[in-house]
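**Q** Pasting in a structure now, in structure tokens, and then I'll have a few things to ask.
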Amino acid sequence: MKAQAQQLRRFVWYRPSEPKESSLAWILILPCLLMIFGLAVYPIIYSFWLSLHHASLLSQVRTFNGFENYTEVLKSAEFWASMARTMYYVFVSLAVQIVIGISVAVVLNQDFKGRRFVRSVMLLPWAIPNIVNAVMWEWIYNASYGALNGLLMQLGITNEKISWLGSKFLALNMIVAADTWKMVPFYAILLLAGMQTIPKDLYESARIDGSDSWKSFFHITIPMLKPVLLVIMVLRTMQCFGVFDIIYILTKGGPANGTMTISYYVYFETFGNLNFGKGSAISFIVAIIILLISLVYIKLLRTEEA
């Protein structure tokens with residue numbers, strides 16, 4: 001019996017015809033790894049290689065120039081001007097959209113009739129494709145037949161048509177407004193989900209201690225929403241740095257480069273001036289800046305549990 005048990009044990013543990021579990025796992029995930037490498041890792045490596053070369057579509061010869069593209073970008077006044085516009089766009093968008101998003105989330109967190117319907121309808125702006133949203137706001141802002149001018153004139157607020165995209169400062173803020181209309185549902189849904197995870201006992205205890213609604217909001221709701229706010233701010237900062245489609249449709253970087261944010265500047269250098277090396281260098285500089293800003297967010301919104 002003992003010999004038979006040893007043979008049975010040897011038969012169970014030794015199966016040369018079947019691959020090991022780890023080998024099978026690698027075989028199963030290999031297609032995904034190849035896809036990730038082909039769509040993400042390889043383009044990043046190739047872009048970094050381009051950033052170290054003088055690479056232009058006008059010339060087939062690509063000469064290695066080290067970090068010359070990086071130093072040229074950092075010395076460029078156009079780069080810093082576009083970066084300043086981008087930082088303004090980021091922080092104004094975040095400030096306005098977070099305030100509106102929290103306000104909408106607070107309303108949707110209340111118990112009222114038709115709440116589910118209102119939540120569903122609120123998601124419609126966010127579901128609209130970016131290009132469709134940009135074209136819609138192009139019609140709204142049109143100085144000749146735009147709906148915004150028509151509404152203001154009907155209400156008697158103004159007697160003349162306003163060129164909403166005709167000046168630098170106004171055009172950039174109008175783009176922020178158009179982006180806010182689309183992105184507020186994104187803020188509201190995430191913040192609403194965060195609010196619903198806050199224990200009701202905290203509000204009841206605060207009410208017993210004499211705290212009113214405003215104090216409970218600032219001392220319970222906001223601190224408990226820090227993890228959600230961190231996710232929102234990091235994601236939206238990356239999106240704002242990469243905003244392109246709405247600027248391309250509405251202003252194409254104008255007037256007088258007044259809305260040329262960093263993403264449009266990268267597009268202009270890469271496909272306008274056909275300087276792929278410089279465009280790649282700008283992209284990596286922007287990636288480092290986004291990383292530093294994200295670290296600042298993490299430092300400011302770090303919770304005690306983290």
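Identifiers in this document derive from the order of the structure tokens: chains are assigned A, B, ..., residues are numbered from 1 separately in each chain, and ligands are numbered from 1 in order of occurrence.
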Could you pull the residues within 12 Å of Ile246 (chain A), counting only C-alpha atoms, minus those fewer than 3 positions along the same chain, as a PyMOL selection string?
**A** chain A and resi 129-138+171-172+174-180+182+240+242-243+249-253+259-261+263-264
**Q** For Ser280 (chain A), please output as a list in words all residues within 12 Å (counting only C-alpha atoms; exclusion window: fewer than 6 positions along the same chain).
**A**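 Here the answer would be Pro43, Ile44, Ile45, Tyr46, Ser47, Phe48, Trp49, Leu50, Ser51, Leu52, His53, His54, Ala55, Ser56, Phe67, Asn69, Tyr70, Val73, Ser263, Tyr265, Val266, Tyr267, Phe268, Glu269, Thr270, Phe271, Leu274, Val286 and Ala287 of chain A.
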**Q** Could the residues in this selection be saved with N, CA, C and O atoms as a compact mmCIF listing (two decimals), in the first residue's frame?
**A**
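Wrote out_22.txt, looks like this:
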```txt
# COMPACT_ATOMS: atom_id res chain seq x y z
N PRO A 43 5.51 53.38 -28.37
CA PRO A 43 5.42 54.79 -28.77
C PRO A 43 6.14 55.74 -27.82
O PRO A 43 6.73 56.74 -28.25
N ILE A 44 6.10 55.45 -26.51
CA ILE A 44 6.80 56.30 -25.54
C ILE A 44 8.30 56.23 -25.77
O ILE A 44 9.00 57.27 -25.79
N ILE A 45 8.81 55.02 -25.94
CA ILE A 45 10.26 54.86 -26.18
C ILE A 45 10.67 55.53 -27.48
O ILE A 45 11.70 56.24 -27.55
N TYR A 46 9.86 55.35 -28.52
CA TYR A 46 10.18 55.96 -29.81
C TYR A 46 10.11 57.49 -29.75
O TYR A 46 10.94 58.18 -30.35
N SER A 47 9.13 58.01 -29.02
CA SER A 47 9.02 59.47 -28.86
C SER A 47 10.23 60.04 -28.13
O SER A 47 10.74 61.10 -28.49
N PHE A 48 10.69 59.32 -27.09
CA PHE A 48 11.88 59.78 -26.38
C PHE A 48 13.11 59.74 -27.29
O PHE A 48 13.96 60.65 -27.25
N TRP A 49 13.18 58.70 -28.12
CA TRP A 49 14.28 58.63 -29.09
C TRP A 49 14.21 59.80 -30.07
O TRP A 49 15.25 60.40 -30.40
N LEU A 50 13.01 60.14 -30.52
CA LEU A 50 12.86 61.28 -31.42
C LEU A 50 13.27 62.59 -30.75
O LEU A 50 13.84 63.48 -31.39
N SER A 51 12.96 62.71 -29.45
CA SER A 51 13.27 63.96 -28.75
C SER A 51 14.76 64.20 -28.64
O SER A 51 15.18 65.33 -28.38
N LEU A 52 15.56 63.16 -28.82
CA LEU A 52 17.02 63.31 -28.76
C LEU A 52 17.64 63.47 -30.14
O LEU A 52 18.87 63.48 -30.28
N HIS A 53 16.81 63.65 -31.16
CA HIS A 53 17.29 63.78 -32.53
C HIS A 53 16.67 65.00 -33.19
O HIS A 53 15.61 65.48 -32.78
N HIS A 54 17.34 65.47 -34.21
CA HIS A 54 16.73 66.47 -35.09
C HIS A 54 15.96 65.70 -36.15
O HIS A 54 16.53 65.20 -37.12
N ALA A 55 14.67 65.58 -35.93
CA ALA A 55 13.82 64.77 -36.80
C ALA A 55 12.76 65.66 -37.42
O ALA A 55 11.94 66.26 -36.72
N SER A 56 12.80 65.78 -38.74
CA SER A 56 11.84 66.61 -39.46
C SER A 56 11.33 65.84 -40.67
O SER A 56 12.06 65.03 -41.27
N PHE A 67 20.27 66.60 -25.80
CA PHE A 67 19.18 67.34 -25.16
C PHE A 67 19.04 68.75 -25.73
O PHE A 67 18.51 69.63 -25.06
N ASN A 69 17.08 69.73 -28.12
CA ASN A 69 15.65 70.07 -28.28
C ASN A 69 15.06 70.55 -26.96
O ASN A 69 14.26 71.48 -26.93
N TYR A 70 15.43 69.90 -25.87
CA TYR A 70 14.91 70.28 -24.55
C TYR A 70 15.36 71.69 -24.16
O TYR A 70 14.56 72.49 -23.67
N VAL A 73 13.53 74.25 -26.22
CA VAL A 73 12.15 74.45 -25.78
C VAL A 73 12.11 75.30 -24.52
O VAL A 73 11.30 76.24 -24.40
N SER A 263 -0.98 71.87 -25.48
CA SER A 263 -1.29 70.76 -26.39
C SER A 263 -1.37 71.25 -27.84
O SER A 263 -0.89 70.58 -28.76
N TYR A 265 0.18 73.87 -28.92
CA TYR A 265 1.54 74.26 -29.27
C TYR A 265 2.34 73.05 -29.72
O TYR A 265 3.14 73.13 -30.68
N VAL A 266 2.15 71.91 -29.05
CA VAL A 266 2.81 70.67 -29.47
C VAL A 266 2.35 70.29 -30.87
O VAL A 266 3.16 69.90 -31.74
N TYR A 267 1.05 70.38 -31.11
CA TYR A 267 0.51 70.08 -32.43
C TYR A 267 1.10 71.02 -33.49
O TYR A 267 1.49 70.57 -34.58
N PHE A 268 1.21 72.29 -33.15
CA PHE A 268 1.72 73.27 -34.12
C PHE A 268 3.18 73.00 -34.45
O PHE A 268 3.59 73.06 -35.61
N GLU A 269 3.98 72.71 -33.42
CA GLU A 269 5.40 72.44 -33.66
C GLU A 269 5.61 71.13 -34.42
O GLU A 269 6.47 71.05 -35.29
N THR A 270 4.80 70.12 -34.08
CA THR A 270 5.01 68.80 -34.67
C THR A 270 4.48 68.71 -36.09
O THR A 270 5.19 68.27 -37.01
N PHE A 271 3.25 69.16 -36.30
CA PHE A 271 2.62 68.99 -37.61
C PHE A 271 2.53 70.28 -38.41
O PHE A 271 2.29 70.23 -39.61
N LEU A 274 6.56 70.72 -38.67
CA LEU A 274 7.10 69.40 -39.04
C LEU A 274 8.38 69.08 -38.27
O LEU A 274 9.26 68.38 -38.77
N VAL A 286 6.14 68.39 -20.67
CA VAL A 286 4.77 68.52 -20.14
C VAL A 286 4.44 67.36 -19.22
O VAL A 286 3.80 67.54 -18.17
N ALA A 287 4.85 66.16 -19.58
CA ALA A 287 4.59 64.99 -18.73
C ALA A 287 5.25 65.15 -17.36
O ALA A 287 4.65 64.82 -16.32
```
**Q** Looking at only C-alpha atoms, which of A:Ile262, A:Pro199, A:Pro223, A:Arg236 is the one that sits closest to Ile282 (chain A)?
**A**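 When distances to Ile282 (chain A) are compared using only C-alpha atoms, the smallest one comes from A:Ile262.
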**Q** Between A:Ser93, A:Ser76, A:Asn149, A:Thr71, single out the one closest to Met183 (chain A), counting only C-alpha atoms.
**A**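 Of A:Ser93, A:Ser76, A:Asn149, A:Thr71, the one nearest Met183 (chain A) is A:Ser93, counting only C-alpha atoms.
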**Q** In terms of the shortest atom-to-atom distance over only C-alpha atoms, which of A:Trp80, A:Trp181, A:Phe112, A:Phe276 is closest to Arg62 (chain A)?
**A** A:Phe276
**Q** Please identify the helix (DSSP H, G or I) residues within region 55-184 of chain A (assignment by DSSP from backbone atoms) and present them as number ranges by chain.
**A** A: 68-74, 77-108, 115-122, 124-127, 130-141, 147-154, 168-184
**Q** How far is it from CA of Leu229 (chain A) to CA of Tyr187 (chain A), in Å with one decimal?
**A** 8.9 Å
**Q** Would you mind listing what lies within 10 Å of Ile290 (chain A) as a list in words, with only C-alpha atoms counted and same-chain residues fewer than 3 positions away left out?
**A**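 After dropping sequence-adjacent residues, the list is Val234, Thr237, Met238, Phe241, Phe284, Ile285, Val286, Ala287, Ile293, Ser294, Leu295 and Val296 of chain A.
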**Q** Give me a file of those residues, with all heavy atoms, as a compact mmCIF listing (two decimals), in the first residue's frame.
**A**
```
# COMPACT_ATOMS: atom_id res chain seq x y z
N VAL A 234 -6.36 65.12 -10.38
CA VAL A 234 -5.29 64.53 -11.18
C VAL A 234 -5.78 64.23 -12.59
O VAL A 234 -5.12 64.56 -13.58
CB VAL A 234 -4.76 63.25 -10.50
CG1 VAL A 234 -3.79 62.51 -11.42
CG2 VAL A 234 -4.06 63.59 -9.19
N THR A 237 -6.52 67.52 -14.50
CA THR A 237 -5.29 68.24 -14.86
C THR A 237 -4.67 67.63 -16.11
O THR A 237 -4.26 68.35 -17.02
CB THR A 237 -4.30 68.20 -13.69
OG1 THR A 237 -4.86 68.86 -12.55
CG2 THR A 237 -3.00 68.90 -14.07
N MET A 238 -4.62 66.31 -16.17
CA MET A 238 -4.09 65.66 -17.36
C MET A 238 -4.95 65.99 -18.58
O MET A 238 -4.43 66.25 -19.68
CB MET A 238 -4.01 64.16 -17.14
CG MET A 238 -2.96 63.73 -16.13
SD MET A 238 -2.68 61.95 -16.07
CE MET A 238 -4.27 61.41 -15.44
N PHE A 241 -4.39 69.68 -19.67
CA PHE A 241 -3.11 69.84 -20.36
C PHE A 241 -3.19 69.28 -21.77
O PHE A 241 -2.46 69.71 -22.65
CB PHE A 241 -2.00 69.15 -19.58
CG PHE A 241 -1.26 70.06 -18.64
CD1 PHE A 241 -1.72 70.25 -17.35
CD2 PHE A 241 -0.12 70.74 -19.05
CE1 PHE A 241 -1.05 71.08 -16.47
CE2 PHE A 241 0.56 71.58 -18.19
CZ PHE A 241 0.10 71.76 -16.89
N PHE A 284 7.46 65.40 -23.42
CA PHE A 284 8.07 64.85 -22.21
C PHE A 284 8.22 65.91 -21.13
O PHE A 284 8.08 65.61 -19.94
CB PHE A 284 9.43 64.24 -22.55
CG PHE A 284 9.32 62.84 -23.08
CD1 PHE A 284 9.27 62.61 -24.44
CD2 PHE A 284 9.26 61.76 -22.22
CE1 PHE A 284 9.16 61.31 -24.94
CE2 PHE A 284 9.15 60.46 -22.70
CZ PHE A 284 9.09 60.24 -24.06
N ILE A 285 8.48 67.15 -21.50
CA ILE A 285 8.54 68.22 -20.51
C ILE A 285 7.18 68.41 -19.86
O ILE A 285 7.06 68.57 -18.64
CB ILE A 285 9.04 69.52 -21.16
CG1 ILE A 285 10.49 69.38 -21.61
CG2 ILE A 285 8.90 70.71 -20.21
CD1 ILE A 285 11.02 70.56 -22.39
N VAL A 286 6.14 68.39 -20.67
CA VAL A 286 4.77 68.52 -20.14
C VAL A 286 4.44 67.36 -19.22
O VAL A 286 3.80 67.54 -18.17
CB VAL A 286 3.76 68.61 -21.30
CG1 VAL A 286 2.34 68.54 -20.78
CG2 VAL A 286 3.98 69.90 -22.09
N ALA A 287 4.85 66.16 -19.58
CA ALA A 287 4.59 64.99 -18.73
C ALA A 287 5.25 65.15 -17.36
O ALA A 287 4.65 64.82 -16.32
CB ALA A 287 5.10 63.72 -19.41
N ILE A 293 2.81 68.47 -10.62
CA ILE A 293 1.54 69.02 -10.14
C ILE A 293 0.74 67.95 -9.40
O ILE A 293 0.13 68.21 -8.35
CB ILE A 293 0.72 69.59 -11.31
CG1 ILE A 293 1.44 70.80 -11.92
CG2 ILE A 293 -0.67 70.00 -10.85
CD1 ILE A 293 0.77 71.36 -13.15
N SER A 294 0.76 66.73 -9.91
CA SER A 294 0.05 65.63 -9.25
C SER A 294 0.63 65.35 -7.87
O SER A 294 -0.11 65.07 -6.92
CB SER A 294 0.11 64.37 -10.11
OG SER A 294 -0.48 64.58 -11.38
N LEU A 295 1.95 65.44 -7.74
CA LEU A 295 2.58 65.25 -6.42
C LEU A 295 2.15 66.34 -5.45
O LEU A 295 1.97 66.08 -4.25
CB LEU A 295 4.10 65.23 -6.58
CG LEU A 295 4.68 64.02 -7.34
CD1 LEU A 295 6.19 64.18 -7.48
CD2 LEU A 295 4.34 62.73 -6.63
N VAL A 296 1.98 67.56 -5.96
CA VAL A 296 1.49 68.65 -5.10
C VAL A 296 0.07 68.36 -4.65
O VAL A 296 -0.27 68.56 -3.47
CB VAL A 296 1.56 69.99 -5.86
CG1 VAL A 296 0.89 71.10 -5.05
CG2 VAL A 296 3.00 70.37 -6.15
```
**Q** At what distance in Å, to one decimal, does CA of Val104 (chain A) lie from CA of Val118 (chain A)?
**A** 10.8 Å
**Q** Find the spatial neighbours of Trp164 (chain A), counting only C-alpha atoms, within a cut-off of 7 Å - ignore same-chain residues fewer than 5 positions away - and output them as a ChimeraX atom specification.
**A** /A:141,143,170-171
**Q** May I have the residues from that selection written out with all heavy atoms, as a PDB file, in the first residue's frame?
**A**
```
ATOM      1  N   TYR A 141     -21.570  80.550 -29.823  1.00  0.00           N
ATOM      2  CA  TYR A 141     -20.721  81.733 -29.687  1.00  0.00           C
ATOM      3  C   TYR A 141     -20.638  82.572 -30.952  1.00  0.00           C
ATOM      4  O   TYR A 141     -20.027  83.653 -30.932  1.00  0.00           O
ATOM      5  CB  TYR A 141     -19.299  81.311 -29.307  1.00  0.00           C
ATOM      6  CG  TYR A 141     -19.155  80.796 -27.895  1.00  0.00           C
ATOM      7  CD1 TYR A 141     -18.175  79.844 -27.581  1.00  0.00           C
ATOM      8  CD2 TYR A 141     -19.974  81.243 -26.863  1.00  0.00           C
ATOM      9  CE1 TYR A 141     -18.032  79.367 -26.295  1.00  0.00           C
ATOM     10  CE2 TYR A 141     -19.840  80.769 -25.576  1.00  0.00           C
ATOM     11  CZ  TYR A 141     -18.862  79.834 -25.292  1.00  0.00           C
ATOM     12  OH  TYR A 141     -18.714  79.370 -24.023  1.00  0.00           O
ATOM     13  N   ALA A 143     -20.753  85.224 -33.608  1.00  0.00           N
ATOM     14  CA  ALA A 143     -21.075  86.639 -33.415  1.00  0.00           C
ATOM     15  C   ALA A 143     -22.247  87.094 -34.282  1.00  0.00           C
ATOM     16  O   ALA A 143     -22.953  88.047 -33.927  1.00  0.00           O
ATOM     17  CB  ALA A 143     -19.850  87.494 -33.723  1.00  0.00           C
ATOM     18  N   LEU A 170     -11.111  86.871 -23.447  1.00  0.00           N
ATOM     19  CA  LEU A 170     -12.493  86.431 -23.510  1.00  0.00           C
ATOM     20  C   LEU A 170     -12.615  85.073 -24.175  1.00  0.00           C
ATOM     21  O   LEU A 170     -13.389  84.212 -23.727  1.00  0.00           O
ATOM     22  CB  LEU A 170     -13.336  87.471 -24.254  1.00  0.00           C
ATOM     23  CG  LEU A 170     -14.848  87.215 -24.309  1.00  0.00           C
ATOM     24  CD1 LEU A 170     -15.418  87.144 -22.897  1.00  0.00           C
ATOM     25  CD2 LEU A 170     -15.543  88.315 -25.111  1.00  0.00           C
ATOM     26  N   ALA A 171     -11.849  84.844 -25.236  1.00  0.00           N
ATOM     27  CA  ALA A 171     -11.926  83.570 -25.952  1.00  0.00           C
ATOM     28  C   ALA A 171     -11.501  82.409 -25.058  1.00  0.00           C
ATOM     29  O   ALA A 171     -12.148  81.352 -25.038  1.00  0.00           O
ATOM     30  CB  ALA A 171     -11.047  83.630 -27.201  1.00  0.00           C
TER      31      ALA A 171
END
```
**Q** Any chance you could list, as a list in words, the residues in region 51-259 of chain A that come up strand (DSSP E or B) when DSSP is run on the backbone?
**A**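 Filtering region 51-259 of chain A to strand (DSSP E or B) leaves His53, His54, Ser56, Thr63 and Phe64 of chain A.
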**Q** Can you spit out the residues from that selection as a compact mmCIF listing (two decimals), in the first residue's frame, using C-alpha atoms?
**A**
```txt
# COMPACT_ATOMS: atom_id res chain seq x y z
CA HIS A 53 17.29 63.78 -32.53
CA HIS A 54 16.73 66.47 -35.09
CA SER A 56 11.84 66.61 -39.46
CA THR A 63 20.87 63.49 -36.55
CA PHE A 64 21.48 62.92 -32.85
```
